[in-house]
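The structure appears below as structure tokens.
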Amino acid sequence: MPSYIDKYNIKREGLDLEKEDPEEAIKFYKDLLNDELFVNDYYPYRRLVLMYKKTKKYNKKVNVIRCFFKSGIYCNRHNYLWFRNKLRKYSEKGLITNEEIEELTDYFKNHGCNNKDKSNIPVPIADRIIKKRGEIIIDSEERYDRRHRAYEFEEEGRELKRTGKIHEFIKLYNHMIDDLGFRSYSYFQALCIAYRQIGDLDNELRIIDKYFNGESTRTKISNNWFEKREKEVLNYLGVETEDEITVDKLFNDDKFIEDISENAKLHDEINILKKQIVALEERITKLERKNYKRKKHNISPNKNEIVKEPEDEFINHIDETISETSNYYHPQDVKVNTKGYDYEIPISLELEDVLKNETELFEYDESLDEVENILRKYSLKKRGLSLRGEKAVSYFKDLTKNSYFENDWYPYRQITIKYNQMGEYESNLNNIKEMFLSGVYLNNHQYIWFTNNLRKLSSHIQLDESEVNGWIEYYNMNGAKNKDKIHKPIVNADRMTTKGLVLKIFTEKHFDVKQTRYELRETCRMLESIGNYQREFDVIKEYYNTYPDCRMNKRWYNDKLNKINGQLNSSYTIDDLKS
């Protein structure tokens with residue numbers, strides 16, 4: 001009988017497809033609507049909404065929400081608001097009427113809402129099945145409900161802001177932080193912005209004070225944001241800040257004249273202490289870096305070595321070539337050679353903010369240790385994923401010339417994905433050409449992926465077959481021989497994955513297993529698109545026996561064999577795959 005672990009694996013398979021091929025992900029989630037494990041789960045409907053948004057199929061997005069509200073499936077209030085608010089947004093574009101939205105939500109309240117007892121049958125809903133510390137578990141209903149309670153308020157807030165109901169938005173968020181104890185600094189920021197919109201600077205200052213009084217979570221980035229905000233508000237209110245107190249004003253102040261000698265001494269002591277703190281922090285950072293390198297290379301400190309202390313009163317600043325990221329990760333917390341991963345690197349909220357706001361296109365720096373270079377490459381990768389359209393294309397084109405990606409197919413693949421979404425077929429063809437002529441090595445999965453995209457392009461534009469064969473021949477004579485460079489100067493971007501606030505680097509073995517699975521999926525997609533189902537069966541059988549460590553779950557094989565049997569009028573089973 002299928003279990004929650006099977007459901008988790010199906011969920012992961014869909015999320016992987018979303019990254020690889022959104023169109024295939026749509027087909028996948030459509031199939032899940034009738035899957036026994038998802039028959040009472042809102043999850044595939046929600047993923048379809050997101051995929052239709054990604055592929056800009058807005059009519060279909062509206063239709064799938066219609067289907068959900070009429071399905072009789074239960075969801076909590078957060079997801080109800082999420083679906084409903086999507087419809088309200090599209091009613092303004094004429095894709096659905098307000099009357100129909102009301103009919104759909106009334107139907108849900110009279111049917112879906114009554115089926116809460118079915119929502120965890122036959123296994124819990126997908127959003128409760130999570131992976132924690134490497135183990136697949138079922139999150140408790142209490143934890144799930146508490147988490148979604150916050151999401152529910154956020155969804156209500158988004159709708160209030162979208163419809164211009166700023167006073168109601170302010171009332172809601174004040175209720176969240178004052179009465180319910182929500183502490184995320186994003187809620188305090190949202191209130192500051194809302195108060196500024198209505199010109200209520202006194203209340204904006206009140207929220208800033210609450211933030212600095214410890215009622216909110218805090219990071220270095222958020223501190224900077226609220227400090228800047230506070231200064232602006234005080235300027236608007238005509239309150240003198242420290243920066244505005246002039247020398248003339250001070251020397252016309254009798255009290256200042258009386259206290260100046262005593263204060264000067266105190267001021268000097270404070271400055272000395274501040275400098276000492278900075279020096280100590282820099283010294284600690286240097287020692288942590290040194291200790292990490294020793295651990296990494298199994299080097300013991302030389303007990304006889306005389307450590308020469310700096311002659312200056314204060315320790316010199318760390319060499320400017322060291323990246324900002326080194327101040328926000330702690331080498332002693334990095335796990336090395338864990339199961340399936342070379343590194344597990346904790347990413348603090350401060351580091352997450354630094355990476356999010358960084359604008360420099362880092363280049364590889366051999367003076368940094370491997371982990372710091374990994375973090376810099378990761379930040380470049382993550383930044384690109386936040387961009388859309390032409391901005392994303394331009395950014396990834398820059399990465400094709402970046403030293404971190406000089407042997408990496410990743411930016412070329414991202415450009416192809418973006419051009420596919422934009423319908424820029426000629427530009428896409430030129431990008432794939434540049435990929436094959438770049439000298440970058442492609443493993444089997446990536447090679448099949450790019451050649452399959454060439455085949456798809458042929459249905460939109462005329463390809464010169466001899467020219468394309470020339471690119472591939474050039475690749476076989478050059479890029480194909482550069483396998484030893486695939487993870488140089490630093491690991492391939494696809495070996496980087498995040499789980500929560502931990503950046504994990506797959507071992508080469510684990511990475512190769514995942515890529516082999518993707519290779520099989522991509523090959524099957526290609527063969528199905530040209531109707532060669534007998535060849536698809538032969539390929540699945542070949543992989544099943546050649547790569548036993550890379551086998552899919554039973555559901556995947558059953559789905560494929562059912563499709564093949566339907567086309568060939570055959571009766572293959574998993575037993576027929578075994579040699």
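Ordering of the structure tokens sets the chain letters (A, B, ...); residue numbers start at 1 within each chain; ligands are numbered from 1 in the order shown.
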
- Task: Name all residues at most 12 Å from Leu15 in chain A (count only C-alpha atoms; drop same-chain ones fewer than 3 positions away) and give them as number ranges by chain.
- Result: A: 8-12, 18-22, 24-26, 28-29, 43-44, 47-48, 50-51

- Query: Skipping near chain neighbours, those fewer than 2 positions away, what residues fall within 9 Å of Cys550 in chain A using only C-alpha atoms, listed as an MDAnalysis selection string?
  - Reply: chainID A and resid 512:514 516:517 543:544 547:548 552

Any chance you could export the current selection's N, CA, C and O atoms as a PDB file, in the first residue's frame?
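Written file, selection.pdb:
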```pdb
ATOM      1  N   ASP A 512      26.129  12.480  -9.657  1.00  0.00           N
ATOM      2  CA  ASP A 512      26.058  11.655 -10.868  1.00  0.00           C
ATOM      3  C   ASP A 512      24.805  10.778 -10.873  1.00  0.00           C
ATOM      4  O   ASP A 512      24.189  10.560 -11.920  1.00  0.00           O
ATOM      5  N   VAL A 513      24.413  10.274  -9.693  1.00  0.00           N
ATOM      6  CA  VAL A 513      23.186   9.468  -9.596  1.00  0.00           C
ATOM      7  C   VAL A 513      21.979  10.308  -9.989  1.00  0.00           C
ATOM      8  O   VAL A 513      21.126   9.882 -10.789  1.00  0.00           O
ATOM      9  N   LYS A 514      21.882  11.522  -9.437  1.00  0.00           N
ATOM     10  CA  LYS A 514      20.750  12.400  -9.760  1.00  0.00           C
ATOM     11  C   LYS A 514      20.733  12.757 -11.241  1.00  0.00           C
ATOM     12  O   LYS A 514      19.682  12.767 -11.875  1.00  0.00           O
ATOM     13  N   THR A 516      21.947  11.037 -13.705  1.00  0.00           N
ATOM     14  CA  THR A 516      21.576   9.856 -14.498  1.00  0.00           C
ATOM     15  C   THR A 516      20.060   9.685 -14.503  1.00  0.00           C
ATOM     16  O   THR A 516      19.467   9.321 -15.534  1.00  0.00           O
ATOM     17  N   ARG A 517      19.411   9.948 -13.376  1.00  0.00           N
ATOM     18  CA  ARG A 517      17.948   9.872 -13.325  1.00  0.00           C
ATOM     19  C   ARG A 517      17.323  10.923 -14.245  1.00  0.00           C
ATOM     20  O   ARG A 517      16.373  10.640 -14.975  1.00  0.00           O
ATOM     21  N   TYR A 543      18.595   1.184 -18.728  1.00  0.00           N
ATOM     22  CA  TYR A 543      19.001   1.951 -17.557  1.00  0.00           C
ATOM     23  C   TYR A 543      18.731   1.167 -16.271  1.00  0.00           C
ATOM     24  O   TYR A 543      19.515   1.233 -15.322  1.00  0.00           O
ATOM     25  N   TYR A 544      17.635   0.457 -16.235  1.00  0.00           N
ATOM     26  CA  TYR A 544      17.245  -0.300 -15.038  1.00  0.00           C
ATOM     27  C   TYR A 544      18.335  -1.292 -14.661  1.00  0.00           C
ATOM     28  O   TYR A 544      18.649  -1.491 -13.483  1.00  0.00           O
ATOM     29  N   TYR A 547      22.256   0.809 -14.449  1.00  0.00           N
ATOM     30  CA  TYR A 547      22.474   1.734 -13.336  1.00  0.00           C
ATOM     31  C   TYR A 547      21.538   1.392 -12.169  1.00  0.00           C
ATOM     32  O   TYR A 547      20.598   2.133 -11.866  1.00  0.00           O
ATOM     33  N   PRO A 548      21.780   0.275 -11.489  1.00  0.00           N
ATOM     34  CA  PRO A 548      20.864  -0.129 -10.396  1.00  0.00           C
ATOM     35  C   PRO A 548      20.801   0.889  -9.254  1.00  0.00           C
ATOM     36  O   PRO A 548      19.788   1.003  -8.572  1.00  0.00           O
ATOM     37  N   MET A 552      14.481   4.654 -10.356  1.00  0.00           N
ATOM     38  CA  MET A 552      13.379   5.518  -9.895  1.00  0.00           C
ATOM     39  C   MET A 552      12.513   4.734  -8.900  1.00  0.00           C
ATOM     40  O   MET A 552      12.721   3.543  -8.676  1.00  0.00           O
TER      41      MET A 552
END
```

Write out as JSON lines the residues of range 479-527 of chain A that have any atom within 12 Å of an atom of range 359-370 of chain A, one row each with the nearest atom pair and its distance in Å to one decimal, counting only C-alpha atoms, sorted by chain and then rising number.
```
{"residue": "A:His487", "atom": "CA", "partner": "A:Glu370", "partner_atom": "CA", "distance": 12.0}
{"residue": "A:Lys488", "atom": "CA", "partner": "A:Tyr364", "partner_atom": "CA", "distance": 10.2}
{"residue": "A:Pro489", "atom": "CA", "partner": "A:Tyr364", "partner_atom": "CA", "distance": 7.5}
{"residue": "A:Ile490", "atom": "CA", "partner": "A:Glu370", "partner_atom": "CA", "distance": 7.5}
{"residue": "A:Val491", "atom": "CA", "partner": "A:Glu370", "partner_atom": "CA", "distance": 9.4}
{"residue": "A:Ile505", "atom": "CA", "partner": "A:Glu370", "partner_atom": "CA", "distance": 11.6}
```

- Computed gap from CA of Tyr410 in chain A to CA of Asn373 in chain A is 16.8 Å

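Residues with any atom within 6 Å of Thr217 in chain A, counting only C-alpha atoms and excluding same-chain neighbours fewer than 3 positions away, are Arg183, Ser184 and Tyr185 of chain A.
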
- Write out as an MDAnalysis selection string all residues of range 446-485 of chain A that backbone DSSP assigns to alpha helix (DSSP H). chainID A and resid 446:457 465:477

- Task: For Ile432 in chain A, list every protein, DNA or RNA residue within 8 Å, evaluated using only C-alpha atoms, and leave out those in the same chain fewer than 5 positions away; present the list as a PyMOL selection string.
- Result: chain A and resi 412+416+450+454

- Message: Show me, as a VMD selection string, the residues that have an atom within 12 Å of Lys228 in chain A when counting only C-alpha atoms, minus same-chain residues fewer than 3 positions from it.
- Response: chain A and resid 189 192 205 208 221 to 225 231 to 235 241

- Shortest interatomic distance to Arg521 in chain A - which of A:His175, A:Lys118, A:Arg495, A:His445, counting only C-alpha atoms: A:His445

- Query: Leaving out Cys113 in chain A and any residue of its chain fewer than 5 positions from it, which residues lie within 8 Å of it when counting only C-alpha atoms, given as number ranges by chain?
  - Reply: A: 72-75, 108

Quick one: residues within 10 Å of Ile574 in chain A, only C-alpha atoms counted, chain neighbours fewer than 2 positions away excluded, as a PDB file with N, CA, C and O atoms, in the first residue's frame?
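around.pdb was written with the following content:
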```
ATOM      1  N   LYS A 541      14.618  -0.212 -19.816  1.00  0.00           N
ATOM      2  CA  LYS A 541      15.165  -1.517 -19.419  1.00  0.00           C
ATOM      3  C   LYS A 541      16.688  -1.450 -19.321  1.00  0.00           C
ATOM      4  O   LYS A 541      17.290  -1.976 -18.376  1.00  0.00           O
ATOM      5  N   TYR A 544      17.635   0.457 -16.235  1.00  0.00           N
ATOM      6  CA  TYR A 544      17.245  -0.300 -15.038  1.00  0.00           C
ATOM      7  C   TYR A 544      18.335  -1.292 -14.661  1.00  0.00           C
ATOM      8  O   TYR A 544      18.649  -1.491 -13.483  1.00  0.00           O
ATOM      9  N   LYS A 554       8.912   2.921  -7.783  1.00  0.00           N
ATOM     10  CA  LYS A 554       8.041   2.001  -8.533  1.00  0.00           C
ATOM     11  C   LYS A 554       6.929   2.738  -9.265  1.00  0.00           C
ATOM     12  O   LYS A 554       6.529   2.348 -10.365  1.00  0.00           O
ATOM     13  N   TYR A 557       8.051   3.922 -12.719  1.00  0.00           N
ATOM     14  CA  TYR A 557       8.115   2.844 -13.711  1.00  0.00           C
ATOM     15  C   TYR A 557       6.712   2.397 -14.129  1.00  0.00           C
ATOM     16  O   TYR A 557       6.448   2.163 -15.312  1.00  0.00           O
ATOM     17  N   ASN A 558       5.802   2.285 -13.164  1.00  0.00           N
ATOM     18  CA  ASN A 558       4.437   1.863 -13.499  1.00  0.00           C
ATOM     19  C   ASN A 558       3.757   2.866 -14.425  1.00  0.00           C
ATOM     20  O   ASN A 558       3.079   2.490 -15.383  1.00  0.00           O
ATOM     21  N   LEU A 561       5.326   2.496 -17.924  1.00  0.00           N
ATOM     22  CA  LEU A 561       4.924   1.237 -18.567  1.00  0.00           C
ATOM     23  C   LEU A 561       3.448   1.270 -18.963  1.00  0.00           C
ATOM     24  O   LEU A 561       3.068   0.729 -20.014  1.00  0.00           O
ATOM     25  N   TYR A 572       3.698  -4.910 -20.616  1.00  0.00           N
ATOM     26  CA  TYR A 572       4.953  -4.920 -19.878  1.00  0.00           C
ATOM     27  C   TYR A 572       4.714  -4.613 -18.396  1.00  0.00           C
ATOM     28  O   TYR A 572       3.855  -3.800 -18.036  1.00  0.00           O
ATOM     29  N   ASP A 576       9.463  -7.339 -16.376  1.00  0.00           N
ATOM     30  CA  ASP A 576      10.025  -7.423 -17.732  1.00  0.00           C
ATOM     31  C   ASP A 576      11.258  -6.552 -17.903  1.00  0.00           C
ATOM     32  O   ASP A 576      11.989  -6.698 -18.893  1.00  0.00           O
ATOM     33  N   LEU A 577      11.489  -5.632 -16.956  1.00  0.00           N
ATOM     34  CA  LEU A 577      12.679  -4.795 -17.040  1.00  0.00           C
ATOM     35  C   LEU A 577      13.920  -5.525 -16.558  1.00  0.00           C
ATOM     36  O   LEU A 577      15.041  -5.166 -16.900  1.00  0.00           O
ATOM     37  N   LYS A 578      13.709  -6.536 -15.740  1.00  0.00           N
ATOM     38  CA  LYS A 578      14.846  -7.242 -15.147  1.00  0.00           C
ATOM     39  C   LYS A 578      15.474  -8.186 -16.167  1.00  0.00           C
ATOM     40  O   LYS A 578      14.780  -8.893 -16.889  1.00  0.00           O
TER      41      LYS A 578
END
```
